[in-house]
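Colleague: Pasting target-v9.txt below, which is compact mmCIF, C-alpha atoms and all ligand atoms.
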# COMPACT_ATOMS: atom_id res chain seq x y z
CA MET A 104 130.09 129.49 11.45
CA LYS A 105 126.46 130.33 12.07
CA PRO A 106 125.34 133.98 12.02
CA ARG A 107 124.49 133.75 15.71
CA ARG A 108 128.00 132.52 16.57
CA ILE A 109 129.58 135.22 14.43
CA ALA A 110 127.44 137.86 16.07
CA ALA A 111 128.19 136.42 19.52
CA ALA A 112 131.92 136.42 18.76
CA LEU A 113 131.65 140.06 17.83
CA GLY A 114 129.58 140.81 20.93
CA LEU A 115 126.60 142.00 18.89
CA THR A 116 122.93 141.85 19.72
CA VAL A 117 121.68 138.94 17.70
CA SER A 118 117.89 139.02 17.83
CA ALA A 119 117.66 140.55 14.35
CA TRP A 120 119.56 137.58 12.89
CA LEU A 121 117.25 134.95 14.23
CA PRO A 122 114.29 133.21 12.63
CA ALA A 123 110.84 133.79 14.11
CA ALA A 124 110.73 132.56 17.67
CA GLN A 125 109.23 129.14 18.27
CA ALA A 126 107.08 128.42 21.29
CA GLN A 127 109.16 127.93 24.42
CA SER A 128 109.43 124.22 25.16
CA VAL A 129 110.49 122.03 28.06
CA ALA A 130 111.24 118.35 28.63
CA PHE A 131 110.71 116.64 31.98
CA THR A 132 113.43 114.54 33.62
CA PHE A 133 113.47 112.90 37.05
CA ASP A 134 116.57 111.92 39.04
CA ASP A 135 117.35 109.56 41.92
CA GLY A 136 114.50 107.10 41.38
CA PRO A 137 112.94 104.78 42.00
CA ARG A 138 113.26 105.37 45.71
CA LEU A 139 112.21 102.71 48.20
CA ALA A 140 112.70 105.01 51.21
CA GLU A 141 109.51 105.56 53.21
CA THR A 142 107.73 108.92 53.28
CA PRO A 143 104.46 110.10 54.81
CA LEU A 144 101.21 109.73 52.82
CA LEU A 145 102.31 107.40 50.02
CA SER A 146 104.22 104.13 49.79
CA PRO A 147 107.16 103.89 47.36
CA ALA A 148 104.95 102.06 44.85
CA GLN A 149 102.19 104.66 45.24
CA ARG A 150 104.64 107.52 44.69
CA ASN A 151 105.97 105.82 41.58
CA GLN A 152 102.47 105.24 40.24
CA ALA A 153 101.38 108.82 41.01
CA LEU A 154 104.29 110.17 38.96
CA LEU A 155 103.48 107.85 36.06
CA ASP A 156 99.76 108.71 36.29
CA ALA A 157 100.50 112.46 36.18
CA LEU A 158 102.73 112.05 33.11
CA SER A 159 100.17 109.85 31.41
CA ALA A 160 97.25 112.19 32.20
CA GLN A 161 99.17 115.09 30.69
CA GLN A 162 100.56 112.98 27.82
CA VAL A 163 104.16 113.72 28.72
CA GLN A 164 107.03 111.42 27.79
CA ALA A 165 109.84 111.90 30.30
CA ALA A 166 113.16 110.40 31.36
CA LEU A 167 114.00 108.72 34.65
CA PHE A 168 117.65 108.80 35.71
CA VAL A 169 118.03 105.78 37.93
CA THR A 170 120.21 105.75 41.02
CA CYS A 171 120.32 101.98 41.22
CA GLY A 172 121.17 101.80 44.92
CA ASN A 173 117.96 103.68 45.79
CA GLY A 174 115.91 100.63 44.82
CA ALA A 175 116.43 99.33 41.28
CA ASP A 176 119.07 96.91 42.61
CA ARG A 177 116.26 95.02 44.43
CA PRO A 178 113.22 93.29 42.88
CA GLN A 179 110.65 95.76 44.24
CA GLY A 180 112.52 98.82 43.00
CA TYR A 181 113.45 97.13 39.73
CA ALA A 182 109.74 96.63 39.01
CA LEU A 183 109.09 100.33 39.67
CA ALA A 184 111.83 101.33 37.21
CA GLN A 185 110.54 98.82 34.69
CA ALA A 186 107.10 100.49 34.87
CA TRP A 187 108.66 103.74 33.58
CA GLY A 188 110.25 102.08 30.58
CA ARG A 189 107.10 100.15 29.78
CA ALA A 190 105.09 103.39 29.93
CA GLY A 191 107.33 104.78 27.17
CA HIS A 192 109.74 106.85 29.25
CA VAL A 193 113.51 106.84 28.79
CA ILE A 194 115.65 105.12 31.42
CA GLY A 195 119.00 106.78 32.07
CA ASN A 196 121.91 106.22 34.47
CA HIS A 197 122.52 108.27 37.63
CA THR A 198 125.15 106.00 39.30
CA MET A 199 124.79 103.28 41.92
CA THR A 200 125.06 105.25 45.16
CA HIS A 201 125.05 108.93 44.19
CA LEU A 202 128.67 109.72 45.03
CA ASP A 203 129.86 113.28 44.48
CA LEU A 204 132.58 113.46 41.80
CA ASN A 205 133.66 116.79 43.26
CA SER A 206 134.57 115.15 46.55
CA ALA A 207 138.31 114.75 47.09
CA LYS A 208 137.53 111.27 48.48
CA VAL A 209 135.93 110.05 45.24
CA THR A 210 138.32 108.86 42.53
CA LEU A 211 137.69 108.85 38.80
CA ALA A 212 137.96 105.04 38.71
CA GLN A 213 135.45 104.69 41.54
CA TYR A 214 132.96 106.97 39.83
CA GLN A 215 133.32 105.17 36.50
CA GLN A 216 132.70 101.88 38.31
CA GLU A 217 129.48 103.35 39.74
CA VAL A 218 128.28 104.15 36.23
CA ALA A 219 129.22 100.71 34.90
CA ASP A 220 127.55 98.93 37.84
CA CYS A 221 124.31 100.86 37.40
CA ASP A 222 124.45 100.26 33.64
CA ARG A 223 124.41 96.51 34.26
CA ILE A 224 120.95 97.00 35.80
CA THR A 225 119.46 99.77 33.64
CA SER A 226 120.56 98.04 30.43
CA THR A 227 118.08 95.25 31.18
CA LEU A 228 115.13 97.67 31.55
CA ALA A 229 112.62 98.73 28.91
CA GLY A 230 113.38 102.27 27.74
CA TYR A 231 117.14 101.95 28.37
CA ARG A 232 119.28 104.56 26.72
CA LYS A 233 122.94 105.42 27.22
CA TRP A 234 122.15 108.72 28.88
CA PHE A 235 124.18 109.73 31.91
CA ARG A 236 123.17 112.40 34.42
CA TYR A 237 125.98 113.59 36.72
CA THR A 238 125.14 113.39 40.41
CA TYR A 239 124.72 116.88 41.88
CA LEU A 240 125.32 117.98 38.24
CA ARG A 241 129.02 118.09 39.18
CA GLU A 242 131.64 117.05 36.66
CA GLY A 243 134.59 116.72 39.01
CA ASN A 244 136.94 118.89 41.07
CA THR A 245 139.98 118.25 38.86
CA LEU A 246 140.70 118.32 35.14
CA GLU A 247 141.73 114.67 35.36
CA LYS A 248 138.26 113.73 36.62
CA ARG A 249 136.37 116.02 34.27
CA ASP A 250 138.20 114.97 31.14
CA GLY A 251 138.45 111.37 32.31
CA MET A 252 134.67 111.16 32.66
CA ARG A 253 134.10 112.94 29.36
CA ASP A 254 136.39 110.41 27.62
CA TYR A 255 134.74 107.52 29.45
CA LEU A 256 131.25 108.60 28.40
CA ARG A 257 132.32 109.13 24.80
CA GLN A 258 134.08 105.77 24.61
CA SER A 259 131.15 103.91 26.12
CA GLY A 260 128.64 105.65 23.86
CA TYR A 261 127.00 107.61 26.66
CA ARG A 262 125.40 111.03 26.25
CA ASP A 263 125.91 113.69 28.94
CA ALA A 264 122.27 114.26 29.82
CA TYR A 265 122.57 117.91 30.71
CA VAL A 266 120.06 119.91 32.70
CA SER A 267 119.31 123.45 31.59
CA LEU A 268 116.40 124.22 33.91
CA ASP A 269 117.59 123.33 37.39
CA THR A 270 115.06 123.36 40.21
CA SER A 271 115.24 122.91 43.97
CA ASP A 272 112.19 120.65 44.13
CA TRP A 273 114.24 118.41 46.46
CA ARG A 274 114.47 121.22 49.04
CA LEU A 275 110.72 121.82 49.05
CA ASP A 276 110.23 118.05 49.22
CA GLU A 277 112.36 117.93 52.39
CA LYS A 278 110.18 120.68 53.86
CA LEU A 279 107.00 118.83 52.88
CA VAL A 280 108.18 115.62 54.54
CA ASP A 281 109.28 117.50 57.70
CA VAL A 282 105.92 119.25 57.98
CA LEU A 283 103.97 116.00 57.51
CA ARG A 284 106.14 114.13 60.03
CA ALA A 285 105.40 116.83 62.59
CA ASN A 286 101.68 116.94 61.79
CA ALA A 287 100.03 114.42 59.48
CA GLN A 288 96.98 116.71 59.19
CA ALA A 289 98.93 119.84 58.22
CA ASP A 290 97.45 122.12 55.57
CA LEU A 291 99.76 121.58 52.59
CA THR A 292 98.35 124.39 50.46
CA PRO A 293 101.22 126.86 51.15
CA ILE A 294 103.81 124.21 50.19
CA ARG A 295 101.94 123.32 47.01
CA LEU A 296 101.80 127.00 46.03
CA ALA A 297 105.48 127.52 46.89
CA TYR A 298 106.41 124.49 44.73
CA LEU A 299 104.43 125.76 41.74
CA SER A 300 105.71 129.30 42.09
CA HIS A 301 109.30 128.03 42.46
CA LEU A 302 109.04 126.05 39.21
CA ARG A 303 107.58 129.03 37.43
CA GLN A 304 110.29 131.40 38.72
CA ARG A 305 113.10 129.04 37.67
CA ALA A 306 111.50 128.39 34.28
CA GLU A 307 111.18 132.08 33.51
CA ALA A 308 114.66 132.88 34.80
CA TYR A 309 116.31 130.13 32.72
CA ARG A 310 114.30 131.21 29.69
CA ASP A 311 115.70 134.72 30.18
CA LEU A 312 119.24 133.33 30.59
CA SER A 313 118.85 131.27 27.41
CA ARG A 314 117.86 134.39 25.50
CA GLN A 315 120.81 136.27 26.95
CA LEU A 316 123.36 133.55 26.18
CA GLU A 317 122.01 131.89 23.06
CA GLY A 318 119.87 134.65 21.64
CA ARG A 319 116.82 132.40 21.58
CA ASP A 320 114.52 130.12 23.54
CA ILE A 321 116.28 126.77 23.73
CA PRO A 322 114.20 123.66 24.45
CA GLN A 323 114.75 123.50 28.21
CA ILE A 324 115.55 120.27 30.01
CA MET A 325 114.13 120.45 33.50
CA LEU A 326 115.43 118.55 36.50
CA LEU A 327 112.92 117.21 39.01
CA HIS A 328 113.26 114.29 41.38
CA HIS A 329 111.48 111.02 42.08
CA ASN A 330 109.97 112.23 45.33
CA LEU A 331 106.78 112.85 47.28
CA ILE A 332 106.26 116.47 46.24
CA ASN A 333 106.16 115.54 42.56
CA ALA A 334 104.02 112.49 43.30
CA LEU A 335 101.46 114.84 44.86
CA TRP A 336 101.55 117.78 42.47
CA LEU A 337 103.36 116.95 39.22
CA LYS A 338 100.10 117.01 37.30
CA ASP A 339 99.52 120.60 38.46
CA ALA A 340 103.10 121.54 37.57
CA ILE A 341 102.71 120.24 34.02
CA GLN A 342 99.41 122.07 33.70
CA GLN A 343 101.09 125.28 34.87
CA PHE A 344 103.64 125.03 32.04
CA LYS A 345 100.82 124.51 29.56
CA ASP A 346 98.97 127.51 31.00
CA MET A 347 102.17 129.56 30.60
CA GLY A 348 102.04 128.72 26.89
CA TRP A 349 105.02 126.35 26.98
CA THR A 350 105.08 123.24 24.81
CA ILE A 351 106.09 119.93 26.38
CA VAL A 352 108.60 118.02 24.26
CA THR A 353 110.30 114.66 24.80
CA PRO A 354 113.80 114.65 26.29
CA GLU A 355 115.00 113.18 22.99
CA GLN A 356 113.60 116.14 21.07
CA ALA A 357 115.17 118.61 23.48
CA PHE A 358 118.59 116.91 23.49
CA ALA A 359 118.66 117.16 19.68
CA ASP A 360 119.21 120.92 20.06
CA ALA A 361 122.77 122.10 19.33
CA VAL A 362 123.07 123.75 22.75
CA TYR A 363 123.35 120.28 24.32
CA GLN A 364 126.36 119.37 22.16
CA GLN A 365 128.53 121.91 24.00
CA SER A 366 131.09 121.04 26.65
CA PRO A 367 131.69 124.23 28.63
CA GLU A 368 135.33 124.66 29.56
CA LYS A 369 134.70 125.90 33.07
CA LEU A 370 135.89 123.38 35.63
CA VAL A 371 133.44 122.39 38.35
CA ALA A 372 130.58 123.48 36.18
CA GLY A 373 127.75 122.28 38.37
CA GLN A 374 124.07 123.11 38.20
CA SER A 375 122.50 124.12 34.92
CA LEU A 376 124.31 123.87 31.59
CA LEU A 377 123.24 127.47 31.02
CA LEU A 378 125.01 128.57 34.22
CA SER A 379 128.12 126.66 33.10
CA ILE A 380 128.04 128.39 29.74
CA ALA A 381 127.58 131.73 31.49
CA ARG A 382 130.62 131.05 33.70
CA SER A 383 132.71 129.80 30.78
CA ARG A 384 131.98 133.08 29.04
CA GLY A 385 132.93 135.05 32.14
CA LEU A 386 129.45 136.40 32.70
CA GLY A 387 129.87 136.50 36.49
CA LYS A 388 126.93 137.25 38.76
CA PHE A 389 124.27 138.63 36.42
CA PRO A 390 120.95 140.12 37.63
CA GLY A 391 118.76 137.34 39.00
CA TRP A 392 121.73 135.00 39.55
CA GLU A 393 121.01 134.65 43.28
CA ARG A 394 117.59 133.13 42.71
CA LEU A 395 119.03 130.51 40.35
CA VAL A 396 121.60 129.20 42.82
CA ASP A 397 119.80 129.66 46.14
CA ASP A 398 118.60 126.03 46.58
CA GLY A 399 115.06 127.30 47.09
CA ASP A 400 116.00 129.46 50.10
CA PHE A 401 113.55 132.14 49.00
CA GLU A 402 110.56 129.79 49.15
CA ILE A 403 111.75 128.10 52.34
CA GLU A 404 112.10 131.46 54.10
CA ALA A 405 108.63 132.49 52.91
CA LEU A 406 107.18 129.24 54.31
CA LYS A 407 109.01 129.74 57.61
CA ALA A 408 107.53 133.22 57.82
CA ARG A 409 104.11 131.53 57.63
CA GLY A 410 105.02 129.25 60.54
CA LEU A 411 105.92 126.18 58.42
ZN ZN B 1 120.71 113.04 41.93
Represent the supplied structure as structure tokens.
Modeller:
Amino acid sequence: MKPRRIAAALGLTVSAWLPAAQAQSVAFTFDDGPRLAETPLLSPAQRNQALLDALSAQQVQAALFVTCGNGADRPQGYALAQAWGRAGHVIGNHTMTHLDLNSAKVTLAQYQQEVADCDRITSTLAGYRKWFRYTYLREGNTLEKRDGMRDYLRQSGYRDAYVSLDTSDWRLDEKLVDVLRANAQADLTPIRLAYLSHLRQRAEAYRDLSRQLEGRDIPQIMLLHHNLINALWLKDAIQQFKDMGWTIVTPEQAFADAVYQQSPEKLVAGQSLLLSIARSRGLGKFPGWERLVDDGDFEIEALKARGL
């Protein structure tokens, strides 16, 4: 047993036990791509290229969790996914059609089939790894589903590609698209600032939670999406992390940390691994909890107050 675990078991403050703190680090991961759905401003291929250009400009190696039915099951979308692997990024699996394992209508067998079907496509792409990201970060509404999927992943050699730093970039992306559809000339500055400030708030809050739960700064694994908002401003977001003094690591480096070997007992974990660990340990609603689970409501309300 490690000193930290012993101390944690005894409920002690552990900072004195720990080695000198390393720089806080983060790895970038993107879900739901490549998407062939149309958006304002950029075509699907342009959005894909903008994401890859931002990562390349900032020398970041990331992971793309492919929802095959969003495009990779067709030649055009397959080529966009292939571009990620060829640029040195990891290609993971995020199911065929993004079913919700917590839905009473979705069976374990059906969900496993979704993973297997998507694997038949991703396994032919450059950068393919057996990394699985749960849709909605939900592990199932029953023990049968949760344990059934855990067994299935283990038996098929898949890693549970946890998220520790959950963001609501998707919510701000919806707002961005709505605003642009209503007015193609809209000033996007407030949305850009809300996006950057949201990422910063979540990053700092999950860093604080990591210190509280693990007694240290874990390498965070951040969830973003393959969408317009990141296509426009990912480069700025990466720069903001650098300006905050954070180090960017590869997803592989981050997943090597022991925290990602845990399987929290709490059923219907959902969201960040850190929140699951907190719930498994009975932490309840700690200070700042609301802003970690609010789906970006805070930023959306602030934008509404500005007439957006
Ligand atoms: Zn998703």
Colleague: What are the nearest atom pairs, with distances in Å to one decimal, for all residues of chain A that come at most 8 Å from ligand ZN 1 (chain B), using only C-alpha atoms and all ligand atoms, set out by chain and rising residue number as CSV?
Modeller:
residue,atom,partner,partner_atom,distance
A:Asp134,CA,B:ZN1,ZN,5.2
A:Asp135,CA,B:ZN1,ZN,4.8
A:Thr170,CA,B:ZN1,ZN,7.4
A:His197,CA,B:ZN1,ZN,6.7
A:His201,CA,B:ZN1,ZN,6.4
A:Arg236,CA,B:ZN1,ZN,7.9
A:Tyr237,CA,B:ZN1,ZN,7.4
A:Thr238,CA,B:ZN1,ZN,4.7
A:Tyr239,CA,B:ZN1,ZN,5.6
A:Leu240,CA,B:ZN1,ZN,7.7
A:His328,CA,B:ZN1,ZN,7.6
Colleague: Excluding A:Ser226 and any residue of its chain fewer than 2 positions from it, enumerate the residues within 12 Å of it, using only C-alpha atoms, and give them as a list in words.
Modeller: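 That gives Val169, Cys171, Ala175, Tyr181, Ala184, Gln185, Gly188, Val193, Ile194, Gly195, Asn196, Val218, Ala219, Asp220, Cys221, Asp222, Arg223, Ile224, Leu228, Ala229, Gly230, Tyr231, Arg232, Lys233 and Trp234 of chain A.
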Colleague: Which of these residues is nearest to A:Arg253, using only C-alpha atoms: A:Leu211, A:Ile341, A:Leu268, A:Ala285?
Modeller: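 When distances to A:Arg253 are compared using only C-alpha atoms, the smallest one comes from A:Leu211.
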Colleague: Have a look at A:Arg138, A:Arg241, A:Lys338, A:Arg409 and name the one nearest to A:Leu291; count only C-alpha atoms.
Modeller: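 Between A:Arg138, A:Arg241, A:Lys338, A:Arg409, the residue approaching A:Leu291 most closely is A:Arg409.
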Colleague: Which one of A:Ile380, A:Asp272, A:His329, A:Pro322 sits closest to A:Pro367 if you count all atoms listed in the file?
Modeller: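 Closest residue, counting all atoms listed in the file: A:Ile380.
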Colleague: Write out as a list in words each polymer residue whose atoms come within 12 Å of A:Phe389, counting all atoms listed in the file; drop sequence neighbours fewer than 2 positions from it.
Modeller: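 Within the cut-off, the hits are Ala308, Asp311, Leu312, Gln315, Leu316, Leu378, Ala381, Arg382, Gly385, Leu386, Gly387, Gly391, Trp392, Glu393, Arg394, Leu395 and Val396 of chain A.
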Colleague: Around all of stretch 331-347 of chain A's listed atoms, make the axis-aligned box with 6 Å on each side and tell me centre and edge lengths in Å to one decimal, as AutoDock Vina command-line options.
Modeller:
--center_x 102.9 --center_y 121.0 --center_z 38.4 --size_x 19.8 --size_y 29.1 --size_z 29.7
Colleague: Out of A:Asn244, A:Thr292, A:Ser375, A:Ser146, which residue has the shortest atom-to-atom distance to A:Trp336 when counting all atoms listed in the file?
Modeller: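 Result for the nearest residue to A:Trp336: A:Thr292.
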Colleague: Set the distance at 8 Å and use all atoms listed in the file: which residues neighbour A:Ala297 once local chain neighbours fewer than 3 positions away are removed? I'd like the list as a ChimeraX atom specification.
Modeller: /A:293-294,300-301,402,406
Colleague: Check the smallest atom-to-atom distance from each of A:Asn330, A:Gln164, A:Gln304, A:Gln288 to A:Pro137 using only C-alpha atoms, then report the winner.
Modeller: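 For A:Pro137, the nearest of the candidates is A:Asn330.
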Colleague: Between atom CA of A:Ser313 and atom CA of A:Gln127, what is the distance in Å, rounded to a tenth?
Modeller: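 Atom CA of A:Gln127 lies at a distance of 10.7 Å from atom CA of A:Ser313.
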Colleague: Could you check how far atom CA of A:Gln215 sits from atom CA of A:Arg249, in Å to one decimal?
Modeller: 11.5 Å
Colleague: To one decimal place in Å, what is the distance between atom CA of A:Pro143 and atom CA of A:Arg284?
Modeller: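 Rounded to one decimal, the two atoms are 6.8 Å apart.
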Colleague: Could you give me stretch 161-172 of chain A completed to all heavy atoms, formatted as a compact mmCIF listing (two decimals), in the coordinates of the input?
Modeller:
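Okay, this is what ended up in result-v8.txt:
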# COMPACT_ATOMS: atom_id res chain seq x y z
N GLN A 161 98.80 113.89 31.44
CA GLN A 161 99.17 115.09 30.69
C GLN A 161 99.87 114.76 29.38
O GLN A 161 100.38 115.65 28.69
CB GLN A 161 100.09 116.00 31.55
CG GLN A 161 99.42 116.58 32.78
CD GLN A 161 98.57 117.80 32.43
OE1 GLN A 161 98.18 118.00 31.28
NE2 GLN A 161 98.25 118.61 33.42
N GLN A 162 99.94 113.45 29.06
CA GLN A 162 100.56 112.98 27.82
C GLN A 162 101.99 113.49 27.66
O GLN A 162 102.36 114.05 26.62
CB GLN A 162 99.72 113.37 26.61
CG GLN A 162 98.35 112.69 26.65
CD GLN A 162 97.50 113.06 25.45
OE1 GLN A 162 97.19 114.23 25.26
NE2 GLN A 162 97.13 112.07 24.66
N VAL A 163 102.76 113.29 28.72
CA VAL A 163 104.16 113.72 28.72
C VAL A 163 105.06 112.49 28.71
O VAL A 163 104.88 111.58 29.53
CB VAL A 163 104.47 114.58 29.97
CG1 VAL A 163 105.97 114.88 30.06
CG2 VAL A 163 103.67 115.87 29.94
N GLN A 164 106.01 112.47 27.78
CA GLN A 164 107.03 111.42 27.79
C GLN A 164 108.28 111.99 28.43
O GLN A 164 108.80 113.02 27.98
CB GLN A 164 107.33 110.92 26.38
CG GLN A 164 108.08 109.58 26.39
CD GLN A 164 109.29 109.56 25.49
OE1 GLN A 164 109.19 109.90 24.31
NE2 GLN A 164 110.44 109.20 26.04
N ALA A 165 108.76 111.35 29.48
CA ALA A 165 109.84 111.90 30.30
C ALA A 165 111.03 110.95 30.31
O ALA A 165 111.06 109.96 29.59
CB ALA A 165 109.32 112.12 31.73
N ALA A 166 112.02 111.29 31.14
CA ALA A 166 113.16 110.40 31.36
C ALA A 166 113.37 110.24 32.86
O ALA A 166 113.24 111.21 33.61
CB ALA A 166 114.43 110.97 30.72
N LEU A 167 113.68 109.01 33.26
CA LEU A 167 114.00 108.72 34.65
C LEU A 167 115.48 108.34 34.73
O LEU A 167 115.92 107.40 34.07
CB LEU A 167 113.15 107.56 35.17
CG LEU A 167 113.50 107.09 36.59
CD1 LEU A 167 113.14 108.15 37.62
CD2 LEU A 167 112.79 105.78 36.92
N PHE A 168 116.23 109.10 35.51
CA PHE A 168 117.65 108.80 35.71
C PHE A 168 117.78 108.01 37.01
O PHE A 168 117.56 108.54 38.10
CB PHE A 168 118.48 110.09 35.70
CG PHE A 168 118.54 110.67 34.32
CD1 PHE A 168 117.59 111.57 33.88
CD2 PHE A 168 119.52 110.24 33.42
CE1 PHE A 168 117.61 112.07 32.58
CE2 PHE A 168 119.55 110.74 32.13
CZ PHE A 168 118.60 111.65 31.70
N VAL A 169 118.10 106.75 36.83
CA VAL A 169 118.03 105.78 37.93
C VAL A 169 119.31 105.81 38.76
O VAL A 169 120.41 105.69 38.22
CB VAL A 169 117.81 104.36 37.35
CG1 VAL A 169 117.80 103.33 38.48
CG2 VAL A 169 116.52 104.30 36.55
N THR A 170 119.14 106.00 40.07
CA THR A 170 120.21 105.75 41.02
C THR A 170 119.95 104.35 41.55
O THR A 170 119.06 104.15 42.39
CB THR A 170 120.20 106.79 42.15
OG1 THR A 170 120.42 108.08 41.57
CG2 THR A 170 121.30 106.52 43.16
N CYS A 171 120.69 103.39 41.02
CA CYS A 171 120.32 101.98 41.22
C CYS A 171 120.25 101.58 42.70
O CYS A 171 119.38 100.82 43.10
CB CYS A 171 121.27 101.08 40.45
SG CYS A 171 120.98 101.17 38.66
N GLY A 172 121.16 102.15 43.52
CA GLY A 172 121.17 101.80 44.92
C GLY A 172 119.97 102.30 45.71
O GLY A 172 119.74 101.89 46.85
